[in-house]
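Peer 1: Structure provided below as structure tokens; questions to follow.
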Amino acid sequence: SVAVQLGYHVLMMDVDSVFLGNPFPFLEKSIKRRDMLVMYSPRQDQLGPINSGFIYFSPTKKSKILLRSYENVCLIKRQSDQQLWNHLLRHYMFQQIEYRILPRNMFFILWESATKYGYSTNVTLVLHSASDKKAERLMELGQWHLQPTCHFYDTQAFEVAHAKNLISNSTTKSSQSIWRSSKMW
């Protein structure tokens, strides 16, 4: 919120997102005359229609008020951030917020089947894994990058995550086999 209050455009995104291309030219063009751009959530309940895993804010008066309100409500509400964003945007006080849901084929939420909903490495700029099988689904698409060949890979953190069941056995086996094959080179 501070960066938006200071007049900067801000991208807020989850760590389970993969950039397949540079989204900023599209975002900068699309944000004109809008307060925020959001990723689509294919839900018709309190967790939709926006996915809080990818939100791009413009430093408008309305977005500044929305962000301050969100921060204040976060302190008293015990909801998921996505549910809270959707509640705020539905509230009558925020009906004036100008937002656009980003094209799903370009800003793709990996919920179920990738090909069924238009995922394409030629078109998709951002891939966001939103399910309980995040790693497995990203691996199926060749977009799982938590492996020893990655510059930012941390062996100790990986072992802790596995010990705490934050990473499934299939993810561990896949990463270990990738690691073994990378050591051969």
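The way I read the labels, and the way they are meant: chains A, B, ... in the order of the structure tokens, residue 1 as the first residue of every chain, and ligand 1 as the first ligand shown, with later ones counted on from there.
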I'd like the contact shell of region 116-133 of chain A - 7 Å cut-off, only C-alpha atoms, skipping same-chain residues fewer than 3 positions apart - returned as a list in words.
Peer 2: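 Listing them by chain and then by number gives Asp16, Ser17, Val18, Phe19, Leu20, Gly21, Asn22, Pro23, Asn105, Met106, Phe107, Phe108, Ile109, Leu110, Trp111, Ser113, Glu136 and Arg137 of chain A.
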Peer 1: Using the selection just defined, write its residues with all heavy atoms as a compact mmCIF listing (two decimals), in the first residue's frame.
Peer 2:
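As a result, selection.txt now contains:
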# COMPACT_ATOMS: atom_id res chain seq x y z
N ASP A 16 3.52 -18.66 -6.18
CA ASP A 16 3.28 -19.83 -7.02
C ASP A 16 2.89 -19.42 -8.44
O ASP A 16 2.14 -20.10 -9.12
CB ASP A 16 2.22 -20.76 -6.40
CG ASP A 16 0.91 -20.05 -6.11
OD1 ASP A 16 0.80 -18.83 -6.36
OD2 ASP A 16 -0.01 -20.72 -5.61
N SER A 17 3.45 -18.31 -8.88
CA SER A 17 3.23 -17.82 -10.24
C SER A 17 4.53 -17.92 -11.02
O SER A 17 5.61 -17.75 -10.46
CB SER A 17 2.77 -16.36 -10.21
OG SER A 17 1.55 -16.23 -9.54
N VAL A 18 4.40 -18.18 -12.31
CA VAL A 18 5.56 -18.31 -13.19
C VAL A 18 5.38 -17.33 -14.34
O VAL A 18 4.33 -17.30 -14.98
CB VAL A 18 5.66 -19.75 -13.76
CG1 VAL A 18 6.84 -19.87 -14.70
CG2 VAL A 18 5.75 -20.77 -12.63
N PHE A 19 6.40 -16.50 -14.58
CA PHE A 19 6.37 -15.58 -15.72
C PHE A 19 6.87 -16.34 -16.94
O PHE A 19 7.99 -16.84 -16.95
CB PHE A 19 7.27 -14.39 -15.46
CG PHE A 19 6.64 -13.29 -14.65
CD1 PHE A 19 5.99 -13.56 -13.46
CD2 PHE A 19 6.70 -11.98 -15.09
CE1 PHE A 19 5.41 -12.55 -12.72
CE2 PHE A 19 6.12 -10.96 -14.36
CZ PHE A 19 5.48 -11.24 -13.17
N LEU A 20 6.05 -16.42 -17.97
CA LEU A 20 6.45 -17.05 -19.23
C LEU A 20 6.84 -15.99 -20.25
O LEU A 20 7.39 -16.31 -21.30
CB LEU A 20 5.31 -17.91 -19.78
CG LEU A 20 4.80 -19.00 -18.84
CD1 LEU A 20 3.63 -19.73 -19.46
CD2 LEU A 20 5.91 -19.97 -18.49
N GLY A 21 6.51 -14.77 -19.95
CA GLY A 21 6.82 -13.63 -20.81
C GLY A 21 6.75 -12.38 -19.95
O GLY A 21 6.43 -12.43 -18.77
N ASN A 22 7.03 -11.24 -20.56
CA ASN A 22 6.99 -9.98 -19.84
C ASN A 22 5.56 -9.43 -19.87
O ASN A 22 5.09 -8.98 -20.91
CB ASN A 22 7.95 -8.98 -20.49
CG ASN A 22 7.99 -7.66 -19.77
OD1 ASN A 22 7.28 -7.44 -18.78
ND2 ASN A 22 8.82 -6.75 -20.26
N PRO A 23 4.85 -9.42 -18.73
CA PRO A 23 3.48 -8.94 -18.72
C PRO A 23 3.36 -7.41 -18.65
O PRO A 23 2.28 -6.87 -18.87
CB PRO A 23 2.90 -9.57 -17.44
CG PRO A 23 4.06 -9.63 -16.52
CD PRO A 23 5.26 -9.92 -17.40
N ASN A 105 -6.37 -16.37 -21.10
CA ASN A 105 -5.34 -17.08 -21.86
C ASN A 105 -3.97 -16.43 -21.69
O ASN A 105 -2.94 -17.08 -21.85
CB ASN A 105 -5.71 -17.18 -23.34
CG ASN A 105 -5.82 -15.83 -24.01
OD1 ASN A 105 -6.04 -14.80 -23.37
ND2 ASN A 105 -5.70 -15.81 -25.31
N MET A 106 -3.92 -15.14 -21.30
CA MET A 106 -2.65 -14.45 -21.10
C MET A 106 -2.19 -14.51 -19.64
O MET A 106 -1.01 -14.56 -19.36
CB MET A 106 -2.77 -12.99 -21.55
CG MET A 106 -3.02 -12.85 -23.03
SD MET A 106 -3.31 -11.14 -23.50
CE MET A 106 -1.65 -10.47 -23.34
N PHE A 107 -3.15 -14.47 -18.73
CA PHE A 107 -2.88 -14.51 -17.29
C PHE A 107 -3.65 -15.71 -16.77
O PHE A 107 -4.78 -15.60 -16.32
CB PHE A 107 -3.32 -13.19 -16.63
CG PHE A 107 -2.53 -12.02 -17.15
CD1 PHE A 107 -2.91 -11.38 -18.32
CD2 PHE A 107 -1.39 -11.61 -16.49
CE1 PHE A 107 -2.17 -10.32 -18.81
CE2 PHE A 107 -0.64 -10.55 -16.98
CZ PHE A 107 -1.04 -9.90 -18.15
N PHE A 108 -2.99 -16.85 -16.87
CA PHE A 108 -3.67 -18.12 -16.74
C PHE A 108 -3.63 -18.67 -15.32
O PHE A 108 -2.56 -18.78 -14.73
CB PHE A 108 -3.04 -19.14 -17.69
CG PHE A 108 -3.86 -20.36 -17.88
CD1 PHE A 108 -4.89 -20.39 -18.80
CD2 PHE A 108 -3.62 -21.49 -17.12
CE1 PHE A 108 -5.66 -21.52 -18.97
CE2 PHE A 108 -4.38 -22.63 -17.28
CZ PHE A 108 -5.41 -22.65 -18.21
N ILE A 109 -4.79 -19.01 -14.80
CA ILE A 109 -4.87 -19.65 -13.50
C ILE A 109 -4.97 -21.16 -13.73
O ILE A 109 -5.88 -21.63 -14.40
CB ILE A 109 -6.03 -19.11 -12.64
CG1 ILE A 109 -6.01 -19.75 -11.27
CG2 ILE A 109 -7.35 -19.28 -13.31
CD1 ILE A 109 -6.85 -19.02 -10.26
N LEU A 110 -3.98 -21.86 -13.24
CA LEU A 110 -3.91 -23.31 -13.40
C LEU A 110 -4.74 -23.95 -12.31
O LEU A 110 -4.28 -24.18 -11.20
CB LEU A 110 -2.45 -23.76 -13.34
CG LEU A 110 -2.16 -25.22 -13.63
CD1 LEU A 110 -2.71 -25.63 -14.99
CD2 LEU A 110 -0.66 -25.45 -13.58
N TRP A 111 -6.00 -24.18 -12.60
CA TRP A 111 -6.96 -24.70 -11.63
C TRP A 111 -7.21 -26.17 -11.88
O TRP A 111 -7.11 -26.99 -11.00
CB TRP A 111 -8.25 -23.89 -11.73
CG TRP A 111 -9.32 -24.31 -10.79
CD1 TRP A 111 -10.39 -25.11 -11.08
CD2 TRP A 111 -9.45 -23.98 -9.42
NE1 TRP A 111 -11.18 -25.29 -9.98
CE2 TRP A 111 -10.62 -24.59 -8.93
CE3 TRP A 111 -8.70 -23.22 -8.54
CZ2 TRP A 111 -11.05 -24.48 -7.62
CZ3 TRP A 111 -9.13 -23.10 -7.25
CH2 TRP A 111 -10.29 -23.72 -6.80
N SER A 113 -7.61 -28.32 -15.82
CA SER A 113 -6.93 -28.68 -17.06
C SER A 113 -6.36 -27.44 -17.74
O SER A 113 -7.10 -26.49 -18.00
CB SER A 113 -7.91 -29.38 -18.00
OG SER A 113 -7.38 -29.49 -19.28
N GLU A 136 2.70 -30.45 -8.74
CA GLU A 136 2.45 -31.50 -9.73
C GLU A 136 1.93 -30.91 -11.05
O GLU A 136 2.35 -31.30 -12.13
CB GLU A 136 1.45 -32.53 -9.19
CG GLU A 136 2.04 -33.42 -8.10
CD GLU A 136 1.99 -32.81 -6.71
OE1 GLU A 136 1.61 -31.63 -6.54
OE2 GLU A 136 2.37 -33.52 -5.75
N ARG A 137 1.03 -29.93 -10.94
CA ARG A 137 0.47 -29.32 -12.16
C ARG A 137 1.51 -28.50 -12.90
O ARG A 137 1.54 -28.49 -14.12
CB ARG A 137 -0.76 -28.50 -11.80
CG ARG A 137 -1.89 -29.41 -11.36
CD ARG A 137 -3.22 -28.74 -11.43
NE ARG A 137 -4.26 -29.73 -11.17
CZ ARG A 137 -5.31 -29.52 -10.42
NH1 ARG A 137 -5.49 -28.35 -9.88
NH2 ARG A 137 -6.20 -30.46 -10.24
Peer 1: So that I can check the secondary structure, give me every residue of chain A assigned helix (DSSP H, G or I) by backbone DSSP, as a VMD selection string.
Peer 2: chain A and resid 2 to 5 24 to 30 61 to 74 81 to 90 92 to 94 115 to 117 134 to 140 155 to 163 169 to 184
Peer 1: In Å to one decimal, how far is CA of Leu138 (chain A) from CA of Leu11 (chain A)?
Peer 2: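 About the pair CA of Leu11 (chain A) and CA of Leu138 (chain A): they are 21.8 Å apart.
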Peer 1: Apply DSSP to the backbone of this structure and, from region 3-132 of chain A, keep only the residues in strand (DSSP E or B); write these as a ChimeraX atom specification.
Peer 2: /A:10-13,17-19,36-40,50-57,99-101,107-110,126-129
Peer 1: So the first atom is CA of Gln143 (chain A) and the second is CA of Ile31 (chain A); what is the distance between them in Å, to one decimal place?
Peer 2: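 Computing the Euclidean distance for CA of Gln143 (chain A) and CA of Ile31 (chain A) yields 27.6 Å.
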Peer 1: How far is it from CA of Arg33 (chain A) to CA of Leu6 (chain A), in Å with one decimal?
Peer 2: 18.3 Å
Peer 1: Taking 5 positions as the minimum chain separation for residues in the same chain, which residues sit within 12 Å of Pro49 (chain A) when counting only C-alpha atoms? Answer as a list in words.
Peer 2: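 Final neighbour list, sorted by chain and number: Val38, Met39, Tyr40, Ser41, Pro42, Arg43, Gln44, Gln82, Gln83, Leu84, Trp85, Asn86, His87, Leu89, Arg90, Tyr99, Arg100, Ile101 and Leu102 of chain A.
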Peer 1: Grab the residues selected above and save them as a CSV table (one decimal), in the first residue's frame with C-alpha atoms.
Peer 2:
chain,number,residue,atom,x,y,z
A,38,VAL,CA,-6.9,-8.6,-11.6
A,39,MET,CA,-6.6,-12.3,-12.5
A,40,TYR,CA,-9.8,-14.3,-13.0
A,41,SER,CA,-10.9,-16.8,-10.4
A,42,PRO,CA,-13.3,-19.4,-12.0
A,43,ARG,CA,-15.6,-19.4,-8.9
A,44,GLN,CA,-19.1,-18.2,-8.4
A,82,GLN,CA,-9.0,-13.6,-1.8
A,83,GLN,CA,-12.3,-13.7,0.0
A,84,LEU,CA,-11.6,-10.3,1.6
A,85,TRP,CA,-10.7,-8.7,-1.8
A,86,ASN,CA,-13.9,-10.0,-3.3
A,87,HIS,CA,-16.0,-8.9,-0.4
A,89,LEU,CA,-15.1,-5.0,-4.3
A,90,ARG,CA,-18.7,-6.1,-3.9
A,99,TYR,CA,-11.1,-2.9,-12.5
A,100,ARG,CA,-10.6,-5.3,-15.3
A,101,ILE,CA,-10.3,-9.0,-15.2
A,102,LEU,CA,-7.2,-9.9,-17.3
Peer 1: Which residue, A:Ile97, A:Val73, A:Ala157, A:Met12, has the smallest gap to Phe57 (chain A) when you use only C-alpha atoms?
Peer 2: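 The shortest atom-to-atom distance to Phe57 (chain A) comes from A:Met12.
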Peer 1: Residues at most 12 Å from Glu28 (chain A), counting only C-alpha atoms, excluding those fewer than 2 positions away in the same chain, as a ChimeraX atom specification?
Peer 2: /A:8-11,22-26,30-37,56-58
